[in-house]
>>> print(open('input-v3.cif').read())   # mmCIF, C-alpha atoms
data_data
#
loop_
_atom_site.label_atom_id
_atom_site.label_comp_id
_atom_site.auth_asym_id
_atom_site.auth_seq_id
_atom_site.Cartn_x
_atom_site.Cartn_y
_atom_site.Cartn_z
CA MET A 1 -2.46 -11.26 -19.50
CA ALA A 2 -6.21 -11.79 -19.24
CA ALA A 3 -7.39 -14.36 -21.77
CA SER A 4 -10.14 -12.01 -22.97
CA ALA A 5 -7.78 -9.13 -23.78
CA ASP A 6 -7.06 -8.18 -27.39
CA LEU A 7 -3.25 -8.41 -27.50
CA ALA A 8 -2.87 -6.02 -30.45
CA ILE A 9 -4.75 -3.28 -28.60
CA ALA A 10 -2.87 -3.99 -25.36
CA LEU A 11 0.49 -3.77 -27.13
CA THR A 12 -0.53 -0.52 -28.81
CA LEU A 13 -1.58 1.06 -25.51
CA ALA A 14 1.59 -0.18 -23.78
CA ALA A 15 3.69 1.32 -26.57
CA GLN A 16 2.02 4.69 -26.01
CA GLY A 17 2.97 4.47 -22.33
CA ILE A 18 6.60 3.60 -23.09
CA ALA A 19 6.80 6.37 -25.69
CA ALA A 20 5.63 8.84 -23.04
CA VAL A 21 8.36 7.67 -20.64
CA LYS A 22 10.91 8.25 -23.40
CA ARG A 23 9.59 11.81 -23.62
CA GLY A 24 10.12 12.27 -19.86
CA ARG A 25 6.66 11.50 -18.48
CA ALA A 26 5.96 9.23 -15.49
CA LEU A 27 4.60 5.85 -16.57
CA ASP A 28 1.66 5.94 -14.13
CA ASP A 29 0.56 9.32 -15.48
CA ALA A 30 1.00 8.18 -19.06
CA LEU A 31 -1.08 5.04 -18.59
CA ALA A 32 -3.79 6.94 -16.72
CA ALA A 33 -4.09 9.32 -19.68
CA LEU A 34 -4.43 6.60 -22.33
CA ASP A 35 -7.45 6.75 -24.55
CA ASN A 36 -10.31 4.34 -23.99
CA SER A 37 -9.43 1.98 -26.83
CA GLY A 38 -10.47 -1.51 -25.93
CA GLY A 39 -11.90 -2.34 -22.54
CA VAL A 40 -10.87 -3.04 -19.00
CA ALA A 41 -9.02 -6.23 -19.98
CA GLU A 42 -6.94 -4.45 -22.63
CA ARG A 43 -5.98 -1.59 -20.32
CA ALA A 44 -5.01 -4.02 -17.54
CA ALA A 45 -2.93 -6.05 -19.99
CA ALA A 46 -1.33 -2.87 -21.35
CA ARG A 47 -0.30 -1.84 -17.85
CA ASP A 48 1.32 -5.21 -17.21
CA ILE A 49 3.16 -5.18 -20.56
CA ALA A 50 4.32 -1.57 -20.12
CA TYR A 51 5.69 -2.15 -16.62
CA ARG A 52 7.58 -5.27 -17.66
CA ALA A 53 9.02 -3.45 -20.67
CA CYS A 54 9.97 -0.41 -18.58
CA ARG A 55 11.96 -2.55 -16.14
CA ARG A 56 14.29 -3.60 -18.98
CA LEU A 57 14.07 -0.54 -21.18
CA ASN A 58 17.81 -0.24 -21.85
CA LEU A 59 17.92 -3.90 -22.96
CA LEU A 60 15.00 -3.33 -25.31
CA ASP A 61 16.57 -0.15 -26.69
CA SER A 62 19.78 -2.07 -27.33
CA LEU A 63 17.89 -4.79 -29.22
CA VAL A 64 15.91 -2.26 -31.28
CA HIS A 65 19.16 -0.49 -32.18
CA SER A 66 20.67 -3.80 -33.32
CA LEU A 67 17.63 -4.85 -35.34
CA LEU A 68 16.78 -1.58 -37.10
CA ALA A 69 18.87 -0.73 -40.15
CA ARG A 70 18.64 2.95 -39.22
CA PRO A 71 17.06 4.81 -36.27
CA ASN A 72 13.31 5.34 -36.42
CA ALA A 73 11.73 7.12 -33.46
CA GLU A 74 8.24 6.06 -34.56
CA LEU A 75 9.13 2.40 -34.07
CA ASP A 76 11.22 2.56 -30.89
CA ALA A 77 8.42 2.10 -28.36
CA PRO A 78 6.18 -0.28 -30.37
CA LEU A 79 9.14 -2.57 -31.10
CA ALA A 80 10.30 -2.38 -27.48
CA VAL A 81 7.00 -3.68 -26.08
CA ALA A 82 6.74 -6.33 -28.79
CA LEU A 83 10.27 -7.58 -28.05
CA SER A 84 9.50 -7.59 -24.35
CA GLU A 85 6.54 -9.87 -24.99
CA LEU A 86 8.71 -12.20 -27.09
CA ILE A 87 11.29 -12.37 -24.30
CA ASP A 88 8.68 -13.16 -21.64
CA HIS A 89 6.47 -15.50 -23.65
CA PRO A 90 8.48 -17.45 -26.25
CA GLN A 91 5.81 -20.17 -26.21
CA ARG A 92 3.35 -17.82 -27.92
CA ALA A 93 5.89 -16.04 -30.12
CA HIS A 94 4.03 -16.45 -33.42
CA ARG A 95 0.80 -15.03 -31.98
CA SER A 96 2.70 -12.16 -30.38
CA VAL A 97 4.38 -11.28 -33.69
CA ASP A 98 1.07 -11.36 -35.57
CA GLN A 99 -0.65 -9.19 -32.96
CA ALA A 100 2.28 -6.76 -32.74
CA VAL A 101 2.29 -6.32 -36.50
CA ARG A 102 -1.47 -5.72 -36.46
CA GLY A 103 -1.18 -3.21 -33.60
CA ILE A 104 1.73 -1.28 -35.11
CA SER A 105 0.03 -1.23 -38.49
CA ALA A 106 -3.05 0.31 -36.92
CA LEU A 107 -0.91 2.80 -35.01
CA ARG A 108 1.26 3.82 -37.95
CA GLY A 109 -1.21 3.41 -40.79
CA GLY A 110 0.33 0.19 -42.14
CA ALA A 111 3.52 1.93 -43.26
CA TYR A 112 5.81 -0.39 -41.31
CA LYS A 113 3.96 -3.68 -41.51
CA ALA A 114 6.60 -5.53 -43.53
CA VAL A 115 9.62 -4.17 -41.68
CA VAL A 116 8.11 -4.88 -38.23
CA ASN A 117 7.21 -8.41 -39.26
CA ALA A 118 10.75 -8.99 -40.55
CA ILE A 119 12.41 -7.55 -37.43
CA LEU A 120 10.36 -9.56 -34.96
CA ARG A 121 10.78 -12.81 -36.87
CA ARG A 122 14.52 -12.18 -37.05
CA PHE A 123 14.56 -11.79 -33.28
CA MET A 124 12.78 -15.14 -32.94
CA ARG A 125 15.45 -16.81 -35.11
CA GLU A 126 18.46 -15.10 -33.51
CA ARG A 127 17.11 -14.61 -30.01
CA GLU A 128 19.98 -16.13 -28.00
CA ALA A 129 22.76 -14.46 -30.00
CA LEU A 130 21.06 -11.05 -29.90
CA LEU A 131 20.42 -11.25 -26.15
CA ALA A 132 23.99 -12.39 -25.48
CA ALA A 133 25.39 -9.47 -27.47
CA ALA A 134 23.19 -6.99 -25.61
CA HIS A 135 24.07 -8.49 -22.22
CA ALA A 136 27.77 -7.96 -22.87
CA ASP A 137 27.10 -4.42 -21.65
CA GLU A 138 26.94 -4.63 -17.83
CA ALA A 139 24.37 -1.84 -17.47
CA VAL A 140 22.09 -3.54 -20.00
CA ARG A 141 22.53 -6.91 -18.29
CA LEU A 142 21.65 -5.37 -14.92
CA GLN A 143 18.79 -3.34 -16.45
CA HIS A 144 19.77 -0.03 -14.82
CA PRO A 145 21.58 3.11 -16.02
CA ARG A 146 25.36 2.80 -15.83
CA TRP A 147 25.72 5.71 -13.38
CA TRP A 148 23.10 4.13 -11.14
CA VAL A 149 25.00 0.82 -11.04
CA GLU A 150 28.30 2.56 -10.28
CA ARG A 151 26.84 4.61 -7.43
CA LEU A 152 25.21 1.60 -5.81
CA ARG A 153 28.40 -0.44 -6.13
CA ALA A 154 30.36 2.33 -4.37
CA ALA A 155 27.74 2.95 -1.66
CA TRP A 156 26.82 -0.66 -0.92
CA PRO A 157 29.77 -2.92 -1.85
CA ARG A 158 28.14 -5.97 -0.22
CA HIS A 159 24.52 -5.33 -1.11
CA TRP A 160 24.50 -3.70 -4.55
CA PRO A 161 23.74 -6.88 -6.59
CA ASP A 162 20.73 -7.63 -4.39
CA ILE A 163 19.51 -4.02 -4.61
CA LEU A 164 19.63 -4.14 -8.41
CA ALA A 165 17.99 -7.58 -8.55
CA SER A 166 15.20 -6.35 -6.31
CA GLY A 167 14.70 -3.31 -8.51
CA ASN A 168 14.13 -5.58 -11.50
CA GLY A 169 11.55 -7.71 -9.71
CA HIS A 170 7.83 -7.41 -9.15
CA PRO A 171 6.69 -5.72 -5.93
CA PRO A 172 4.66 -7.56 -3.31
CA MET A 173 1.13 -6.42 -2.51
CA THR A 174 0.91 -5.38 1.14
CA LEU A 175 -2.07 -3.97 2.99
CA ARG A 176 -1.97 -1.68 6.02
CA VAL A 177 -4.96 -2.48 8.20
CA ASN A 178 -6.90 0.53 9.52
CA ARG A 179 -6.86 -0.28 13.23
CA ARG A 180 -9.89 1.95 13.78
CA ARG A 181 -12.05 -0.31 11.60
CA ALA A 182 -10.52 -3.80 11.60
CA THR A 183 -7.82 -6.11 12.87
CA VAL A 184 -5.22 -7.99 10.86
CA GLU A 185 -6.99 -11.26 11.69
CA GLU A 186 -10.35 -9.93 10.51
CA VAL A 187 -8.90 -8.75 7.19
CA VAL A 188 -7.07 -12.05 6.55
CA THR A 189 -10.27 -13.98 7.34
CA ALA A 190 -12.42 -11.81 5.07
CA LEU A 191 -9.96 -12.19 2.20
CA GLY A 192 -9.90 -15.95 2.74
CA HIS A 193 -13.69 -16.13 2.51
CA ASP A 194 -13.36 -14.63 -0.99
CA GLY A 195 -10.70 -17.18 -1.94
CA ILE A 196 -7.87 -14.65 -1.70
CA GLU A 197 -4.72 -16.07 -0.15
CA ALA A 198 -3.17 -13.70 2.39
CA HIS A 199 -1.21 -13.79 5.63
CA ALA A 200 -0.24 -11.45 8.46
CA LEU A 201 3.11 -9.74 7.89
CA GLY A 202 3.31 -7.35 10.82
CA PRO A 203 1.27 -5.53 13.49
CA CYS A 204 -0.80 -3.75 10.83
CA ALA A 205 0.38 -5.52 7.67
CA VAL A 206 -1.15 -8.21 5.48
CA ARG A 207 0.56 -9.73 2.45
CA VAL A 208 -1.70 -10.70 -0.46
CA ALA A 209 -0.21 -13.67 -2.30
CA ARG A 210 -1.31 -12.63 -5.79
CA PRO A 211 -1.54 -8.88 -6.47
CA ARG A 212 -4.86 -7.63 -7.82
CA PRO A 213 -6.71 -4.30 -8.13
CA ALA A 214 -7.24 -2.80 -4.67
CA ALA A 215 -10.88 -1.99 -5.33
CA SER A 216 -11.60 -5.69 -5.91
CA LEU A 217 -10.57 -6.63 -2.37
CA PRO A 218 -13.37 -7.06 0.18
CA GLY A 219 -13.21 -4.28 2.74
CA PHE A 220 -11.23 -1.76 0.67
CA ALA A 221 -14.21 0.47 -0.15
CA ALA A 222 -15.27 0.32 3.53
CA GLY A 223 -11.91 1.72 4.61
CA ARG A 224 -10.74 -1.37 6.48
CA PHE A 225 -7.27 -1.15 4.91
CA SER A 226 -5.03 0.66 2.42
CA ILE A 227 -2.31 -0.48 0.05
CA GLN A 228 1.08 0.39 1.56
CA ASP A 229 4.50 -1.24 1.37
CA LEU A 230 5.78 -2.78 4.60
CA GLY A 231 8.82 -0.47 4.55
CA ALA A 232 6.60 2.60 4.31
CA GLN A 233 4.60 1.39 7.31
CA VAL A 234 7.66 2.04 9.49
CA ALA A 235 7.28 5.83 9.29
CA ALA A 236 4.24 6.55 11.45
CA PRO A 237 5.35 4.44 14.45
CA LEU A 238 8.84 6.01 14.30
CA LEU A 239 7.32 9.48 14.46
CA GLY A 240 5.92 8.64 17.90
CA VAL A 241 2.66 10.58 17.66
CA ALA A 242 0.33 10.68 20.67
CA ASP A 243 -3.22 11.94 21.14
CA GLY A 244 -3.56 15.71 21.21
CA MET A 245 -0.29 16.46 19.42
CA ARG A 246 0.02 19.08 16.69
CA VAL A 247 1.47 17.26 13.65
CA LEU A 248 2.70 18.33 10.22
CA ASP A 249 2.99 16.00 7.23
CA ALA A 250 5.13 18.26 5.07
CA CYS A 251 5.05 16.46 1.70
CA ALA A 252 1.89 14.46 2.18
CA ALA A 253 0.77 13.11 -1.22
CA PRO A 254 -0.21 10.40 -1.93
CA GLY A 255 -1.23 10.29 1.73
CA GLY A 256 -0.46 6.76 2.91
CA LYS A 257 1.70 7.93 5.79
CA THR A 258 -0.78 10.73 6.60
CA ALA A 259 -3.53 8.18 7.06
CA HIS A 260 -1.34 5.86 9.11
CA ILE A 261 -0.54 8.67 11.57
CA LEU A 262 -4.25 9.41 11.99
CA GLU A 263 -5.04 5.73 12.47
CA ILE A 264 -2.54 5.63 15.35
CA ALA A 265 -3.48 8.81 17.24
CA ASP A 266 -6.16 11.48 17.58
CA CYS A 267 -4.03 14.46 16.61
CA ASP A 268 -4.34 17.85 14.94
CA LEU A 269 -2.68 17.14 11.59
CA LEU A 270 -1.88 19.50 8.75
CA ALA A 271 -1.11 17.80 5.42
CA LEU A 272 0.88 19.93 2.97
CA ASP A 273 1.71 19.30 -0.65
CA GLN A 274 2.63 21.54 -3.57
CA ASP A 275 0.37 19.61 -5.95
CA ALA A 276 -3.26 20.58 -5.33
CA ALA A 277 -4.60 17.73 -7.48
CA ARG A 278 -2.65 15.11 -5.52
CA LEU A 279 -3.76 16.74 -2.28
CA ALA A 280 -7.39 16.27 -3.35
CA ALA A 281 -6.65 12.55 -3.71
CA VAL A 282 -5.28 12.57 -0.15
CA ARG A 283 -8.56 14.01 1.12
CA ASP A 284 -10.56 11.39 -0.80
CA ASN A 285 -8.48 8.58 0.69
CA LEU A 286 -8.83 9.95 4.22
CA HIS A 287 -12.60 10.13 3.70
CA ARG A 288 -12.67 6.46 2.65
CA LEU A 289 -10.81 5.55 5.83
CA GLY A 290 -13.04 7.66 8.08
CA LEU A 291 -10.23 10.08 8.91
CA ALA A 292 -9.82 13.85 8.67
CA ALA A 293 -6.99 16.37 8.49
CA ARG A 294 -6.44 19.97 7.55
CA THR A 295 -4.85 20.28 4.11
CA ALA A 296 -3.04 23.05 2.27
CA ALA A 297 -1.46 23.26 -1.17
CA ALA A 298 1.85 24.96 -0.42
CA ASP A 299 5.62 24.63 -0.57
CA ALA A 300 6.76 23.28 2.79
CA ALA A 301 10.13 25.02 2.31
CA ASN A 302 8.38 28.41 2.52
CA PRO A 303 6.62 28.49 5.93
CA LYS A 304 5.69 32.17 5.54
CA ALA A 305 3.10 31.06 2.99
CA TRP A 306 1.27 28.57 5.24
CA TRP A 307 2.48 28.56 8.88
CA ASP A 308 0.25 30.11 11.55
CA GLY A 309 3.11 30.62 14.02
CA LYS A 310 2.20 27.71 16.30
CA HIS A 311 4.97 25.11 16.57
CA PHE A 312 4.46 21.44 15.77
CA ASP A 313 5.15 18.59 18.19
CA ARG A 314 5.88 16.18 15.35
CA ILE A 315 6.84 16.71 11.70
CA LEU A 316 7.07 14.08 8.99
CA LEU A 317 9.30 15.17 6.12
CA ASP A 318 8.89 12.52 3.44
CA ALA A 319 11.32 14.38 1.19
CA PRO A 320 11.33 14.45 -2.62
CA CYS A 321 14.06 12.07 -3.81
CA THR A 322 15.26 9.86 -6.66
CA ALA A 323 12.86 7.05 -5.63
CA SER A 324 15.83 4.70 -6.01
CA GLY A 325 14.44 2.40 -3.31
CA ILE A 326 11.10 1.78 -5.01
CA VAL A 327 12.05 1.21 -8.65
CA ARG A 328 10.30 -2.15 -8.83
CA ARG A 329 7.04 -0.20 -8.24
CA HIS A 330 8.11 2.76 -10.38
CA PRO A 331 10.58 1.40 -12.96
CA ASP A 332 10.40 4.63 -14.94
CA ALA A 333 12.30 6.38 -12.12
CA LYS A 334 15.62 4.85 -13.16
CA TRP A 335 15.22 6.15 -16.73
CA LEU A 336 13.67 9.54 -15.92
CA LYS A 337 16.26 10.52 -13.30
CA ARG A 338 19.73 11.77 -14.28
CA GLU A 339 22.84 11.60 -12.16
CA LEU A 340 22.80 15.39 -11.84
CA ASP A 341 19.36 15.15 -10.24
CA ILE A 342 20.85 13.72 -7.05
CA ALA A 343 22.65 16.96 -6.23
CA ALA A 344 19.59 19.05 -7.13
CA LEU A 345 17.34 16.89 -4.96
CA ALA A 346 19.85 17.02 -2.10
CA ARG A 347 19.71 20.83 -2.21
CA ARG A 348 15.90 20.70 -2.08
CA GLN A 349 16.02 18.27 0.85
CA GLU A 350 18.44 20.57 2.69
CA ARG A 351 16.13 23.58 2.20
CA LEU A 352 13.15 21.61 3.50
CA LEU A 353 15.01 20.36 6.57
CA LYS A 354 16.24 23.82 7.52
CA ALA A 355 12.85 25.48 6.96
CA LEU A 356 10.84 22.87 8.85
CA TRP A 357 13.24 22.75 11.79
CA LYS A 358 12.17 26.31 12.57
CA VAL A 359 8.52 25.32 12.97
CA LEU A 360 9.26 22.33 15.23
CA ALA A 361 8.62 22.84 18.93
CA PRO A 362 11.49 22.44 21.44
CA GLY A 363 11.51 18.82 22.51
CA GLY A 364 9.67 17.88 19.32
CA LYS A 365 10.63 15.28 16.74
CA LEU A 366 11.10 15.57 12.97
CA LEU A 367 11.25 12.31 11.03
CA TYR A 368 13.33 12.75 7.87
CA ALA A 369 12.34 10.06 5.37
CA THR A 370 13.07 9.16 1.76
CA CYS A 371 12.37 6.22 -0.54
CA SER A 372 16.01 6.32 -1.70
CA VAL A 373 19.07 4.12 -1.22
CA PHE A 374 21.60 6.78 -2.25
CA PRO A 375 23.61 8.07 0.77
CA GLU A 376 23.72 11.63 -0.65
CA GLU A 377 19.98 11.88 0.00
CA ASN A 378 20.07 10.02 3.30
CA ALA A 379 22.88 9.54 5.83
CA ARG A 380 25.08 12.27 4.32
CA GLN A 381 22.18 14.70 4.21
CA VAL A 382 21.39 14.11 7.88
CA ALA A 383 25.05 14.28 8.92
CA ALA A 384 25.40 17.68 7.25
CA PHE A 385 22.23 18.92 8.95
CA LEU A 386 23.39 17.76 12.38
CA SER A 387 26.76 19.45 11.95
CA SER A 388 25.06 22.81 11.35
CA HIS A 389 22.30 22.47 13.98
CA PRO A 390 23.67 21.94 17.48
CA ASP A 391 20.11 21.81 18.88
CA ALA A 392 19.42 18.63 16.86
CA SER A 393 20.17 15.06 17.89
CA HIS A 394 19.73 11.86 15.91
CA GLU A 395 17.52 9.38 17.70
CA ALA A 396 18.02 5.69 16.86
CA ALA A 397 15.57 4.40 14.25
CA HIS A 398 14.36 1.25 15.99
CA THR A 399 13.07 -1.00 13.20
CA ALA A 400 13.84 -4.60 12.33
CA LEU A 401 14.06 -3.63 8.66
CA ALA A 402 16.95 -1.14 8.91
CA ILE A 403 20.43 -2.54 8.20
CA ASP A 404 22.51 0.59 8.70
CA SER A 405 21.56 3.70 10.73
CA GLY A 406 18.01 3.94 9.49
CA GLN A 407 18.63 2.68 5.94
CA VAL A 408 16.14 0.04 4.82
CA LEU A 409 17.36 -1.74 1.70
CA PRO A 410 14.79 -3.40 -0.58
CA GLY A 411 14.01 -7.00 0.26
CA ALA A 412 11.50 -9.71 -0.55
CA ASP A 413 8.75 -8.19 1.61
CA HIS A 414 9.52 -4.47 1.38
CA ASP A 415 10.99 -1.65 -0.70
CA GLY A 416 13.95 0.60 0.17
CA PHE A 417 13.56 3.56 2.54
CA TYR A 418 15.59 5.77 4.87
CA TYR A 419 14.45 7.08 8.25
CA ALA A 420 16.19 9.54 10.58
CA PRO A 421 14.29 10.71 13.68
CA LEU A 422 15.70 14.12 14.68
CA VAL A 423 14.91 15.52 18.13
CA LYS A 424 15.04 19.22 18.95
CA ALA A 425 16.63 20.27 22.23
CA VAL A 426 14.39 21.83 24.86
#
>>> encode(input="input-v3.cif", output="structure tokens")
Amino acid sequence: MAASADLAIALTLAAQGIAAVKRGRALDDALAALDNSGGVAERAAARDIAYRACRRLNLLDSLVHSLLARPNAELDAPLAVALSELIDHPQRAHRSVDQAVRGISALRGGAYKAVVNAILRRFMREREALLAAAHADEAVRLQHPRWWVERLRAAWPRHWPDILASGNGHPPMTLRVNRRRATVEEVVTALGHDGIEAHALGPCAVRVARPRPAASLPGFAAGRFSIQDLGAQVAAPLLGVADGMRVLDACAAPGGKTAHILEIADCDLLALDQDAARLAAVRDNLHRLGLAARTAAADAANPKAWWDGKHFDRILLDAPCTASGIVRRHPDAKWLKRELDIAALARRQERLLKALWKVLAPGGKLLYATCSVFPEENARQVAAFLSSHPDASHEAAHTALAIDSGQVLPGADHDGFYYAPLVKAV
């Protein structure tokens, strides 16, 4: 946390973010909507605290349940972020307790000052015993929902511990260099001149050693690069776009893959998304990068509402999914999703695949992509589609990151994704 940040304010803001997640709201949206209490340092610190707390939310809930004499919804989130700070920073425990008490008192009008002080100091005294008792529950120890753990264990009997460990970690910061405006070497050199340690990670990728706000990086405002995970950078090359092609990005927001396609080829691209606000952000990002595309706010599964009757040579379907491959970037996903959501999402993915196949030109390619590691959304979805579409064939997904038929599992340098290039018979 920045030395200049007021910890009490940061904890209060982080608690508001965690409370919103508990009500079913995405953490990014919740933090973006926070009031302007404090300054830049406090909001940055609040974001860091909230993300660390969200990664272990079931552990924190277990501790709060053990420490509170009776349930109190008003204290759940404030105590969770305070306990998270005590777990991460035992060396400054007394300051953290004092600041947490001050923050919660301000938030709740002083009504819980004594009880919060007592609870946090009890945790300091009984820390090891309380953590050991909570960790006796496997799901709590692994910091994921129980159903999530069981599904990963069944799907990936060799890899599931590593997938879970990755999901609890902090994501790397990777840049995708805009080849129209810079080279990897130029970006690495420019960062180095500003004292920012970075190294080349791939043909268009640069890894920044210590993550920081994108806008603070030299060259970002000039459109020389974007922030994009290495695993996500696989999509555009797999699509195989060439100059002059007619291309559809069916679920475009937030637009990283849209931009990458346009950086690779001069093509006629239509970017669709149901969310008009997020589509506006796509346009802003393309403008920063010196790129342009047609955009439309529409449901890709209903071509009658947006299709002009001309077939596409290439289609990217970055399908809605559980986001189970990117939980270290979006830790709220594992708490907001329910097991029943997998089947509902799979039905949505099926509708999108079937609808978009009709607008793909003979000989064209559709790249089915998700940021999931659950087979129901990936390999099984594609197998079912192929069995019902004899004019479709599954092209090999040639990427060094894939470990099993297009499945990219999260690793040190990248998140988890799935890619299936589907070619339509002539």
>>> resolve_selection(input="input-v3.cif", expression="the PyMOL selection byres ((chain A and resi 337-345) around 10)", output="list of chain:residue names")
A:Gly24, A:Pro145, A:Arg146, A:Trp147, A:Trp148, A:Arg151, A:Ala319, A:Pro320, A:Cys321, A:Thr322, A:Ala323, A:Ser324, A:Asp332, A:Ala333, A:Lys334, A:Trp335, A:Leu336, A:Ala346, A:Arg347, A:Arg348, A:Gln349, A:Glu350, A:Arg351, A:Phe374, A:Glu376, A:Glu377
>>> resolve_selection(input="input-v3.cif", expression="the PyMOL selection byres ((chain A and resi 223) around 10)", output="ChimeraX atom specification")
/A:177-178,180-182,218-222,224-226,285-291
>>> resolve_selection(input="input-v3.cif", expression="the PyMOL selection byres ((chain A and resi 262) around 10)", output="count of residues only")
25
>>> residues_around(input="input-v3.cif", residues="Val21 of chain A", least_positions_apart="2", cutoff="12 Å", atoms="all atoms listed in the file", output="mmCIF file with C-alpha atoms, in the frame of the given file")
data_model
loop_
_atom_site.group_PDB
_atom_site.id
_atom_site.type_symbol
_atom_site.label_atom_id
_atom_site.label_comp_id
_atom_site.auth_asym_id
_atom_site.auth_seq_id
_atom_site.Cartn_x
_atom_site.Cartn_y
_atom_site.Cartn_z
ATOM 1 C CA ALA A 14 1.590 -0.180 -23.780
ATOM 2 C CA ALA A 15 3.690 1.320 -26.570
ATOM 3 C CA GLN A 16 2.020 4.690 -26.010
ATOM 4 C CA GLY A 17 2.970 4.470 -22.330
ATOM 5 C CA ILE A 18 6.600 3.600 -23.090
ATOM 6 C CA ALA A 19 6.800 6.370 -25.690
ATOM 7 C CA ARG A 23 9.590 11.810 -23.620
ATOM 8 C CA GLY A 24 10.120 12.270 -19.860
ATOM 9 C CA ARG A 25 6.660 11.500 -18.480
ATOM 10 C CA ALA A 26 5.960 9.230 -15.490
ATOM 11 C CA LEU A 27 4.600 5.850 -16.570
ATOM 12 C CA ASP A 28 1.660 5.940 -14.130
ATOM 13 C CA ASP A 29 0.560 9.320 -15.480
ATOM 14 C CA ALA A 30 1.000 8.180 -19.060
ATOM 15 C CA LEU A 31 -1.080 5.040 -18.590
ATOM 16 C CA ALA A 50 4.320 -1.570 -20.120
ATOM 17 C CA TYR A 51 5.690 -2.150 -16.620
ATOM 18 C CA ALA A 53 9.020 -3.450 -20.670
ATOM 19 C CA CYS A 54 9.970 -0.410 -18.580
ATOM 20 C CA ARG A 55 11.960 -2.550 -16.140
ATOM 21 C CA LEU A 57 14.070 -0.540 -21.180
ATOM 22 C CA ASP A 76 11.220 2.560 -30.890
ATOM 23 C CA ALA A 77 8.420 2.100 -28.360
ATOM 24 C CA HIS A 330 8.110 2.760 -10.380
ATOM 25 C CA PRO A 331 10.580 1.400 -12.960
ATOM 26 C CA ASP A 332 10.400 4.630 -14.940
ATOM 27 C CA ALA A 333 12.300 6.380 -12.120
ATOM 28 C CA LYS A 334 15.620 4.850 -13.160
ATOM 29 C CA TRP A 335 15.220 6.150 -16.730
ATOM 30 C CA LEU A 336 13.670 9.540 -15.920
ATOM 31 C CA LYS A 337 16.260 10.520 -13.300
#
>>> residues_near_point(input="input-v3.cif", point="(-7.0, -16.7, 0.2)", cutoff="12 Å", atoms="all atoms listed in the file", output="VMD selection string")
chain A and resid 187 to 200 206 to 211 217 to 218
>>> atom_distance(input="input-v3.cif", atom1="atom CA of Tyr368 of chain A", atom2="atom CA of Ala420 of chain A")
5.1 Å
>>> build_atoms(input="input-v3.cif", residues="segment 47-58 of chain A", atoms="N, CA and C atoms", output="PDB file, keeping the file's coordinate frame")
ATOM      1  N   ARG A  47      -1.058  -2.263 -19.027  1.00  0.00           N
ATOM      2  CA  ARG A  47      -0.300  -1.840 -17.850  1.00  0.00           C
ATOM      3  C   ARG A  47       0.757  -2.882 -17.504  1.00  0.00           C
ATOM      4  N   ASP A  48       0.372  -4.136 -17.516  1.00  0.00           N
ATOM      5  CA  ASP A  48       1.320  -5.210 -17.210  1.00  0.00           C
ATOM      6  C   ASP A  48       2.463  -5.244 -18.219  1.00  0.00           C
ATOM      7  N   ILE A  49       2.133  -5.157 -19.506  1.00  0.00           N
ATOM      8  CA  ILE A  49       3.160  -5.180 -20.560  1.00  0.00           C
ATOM      9  C   ILE A  49       4.088  -3.976 -20.431  1.00  0.00           C
ATOM     10  N   ALA A  50       3.515  -2.791 -20.202  1.00  0.00           N
ATOM     11  CA  ALA A  50       4.320  -1.570 -20.120  1.00  0.00           C
ATOM     12  C   ALA A  50       5.275  -1.618 -18.937  1.00  0.00           C
ATOM     13  N   TYR A  51       4.808  -2.098 -17.796  1.00  0.00           N
ATOM     14  CA  TYR A  51       5.690  -2.150 -16.620  1.00  0.00           C
ATOM     15  C   TYR A  51       6.812  -3.155 -16.816  1.00  0.00           C
ATOM     16  N   ARG A  52       6.512  -4.291 -17.418  1.00  0.00           N
ATOM     17  CA  ARG A  52       7.580  -5.270 -17.660  1.00  0.00           C
ATOM     18  C   ARG A  52       8.589  -4.727 -18.674  1.00  0.00           C
ATOM     19  N   ALA A  53       8.109  -4.037 -19.684  1.00  0.00           N
ATOM     20  CA  ALA A  53       9.020  -3.450 -20.670  1.00  0.00           C
ATOM     21  C   ALA A  53       9.861  -2.343 -20.038  1.00  0.00           C
ATOM     22  N   CYS A  54       9.248  -1.532 -19.184  1.00  0.00           N
ATOM     23  CA  CYS A  54       9.970  -0.410 -18.580  1.00  0.00           C
ATOM     24  C   CYS A  54      11.098  -0.895 -17.679  1.00  0.00           C
ATOM     25  N   ARG A  55      10.910  -2.028 -17.028  1.00  0.00           N
ATOM     26  CA  ARG A  55      11.960  -2.550 -16.140  1.00  0.00           C
ATOM     27  C   ARG A  55      13.244  -2.848 -16.911  1.00  0.00           C
ATOM     28  N   ARG A  56      13.112  -3.217 -18.184  1.00  0.00           N
ATOM     29  CA  ARG A  56      14.290  -3.600 -18.980  1.00  0.00           C
ATOM     30  C   ARG A  56      14.465  -2.695 -20.186  1.00  0.00           C
ATOM     31  N   LEU A  57      14.144  -1.431 -20.028  1.00  0.00           N
ATOM     32  CA  LEU A  57      14.070  -0.540 -21.180  1.00  0.00           C
ATOM     33  C   LEU A  57      15.404  -0.396 -21.890  1.00  0.00           C
ATOM     34  N   ASN A  58      16.523  -0.383 -21.153  1.00  0.00           N
ATOM     35  CA  ASN A  58      17.810  -0.240 -21.850  1.00  0.00           C
ATOM     36  C   ASN A  58      18.150  -1.498 -22.654  1.00  0.00           C
TER      37      ASN A  58
END
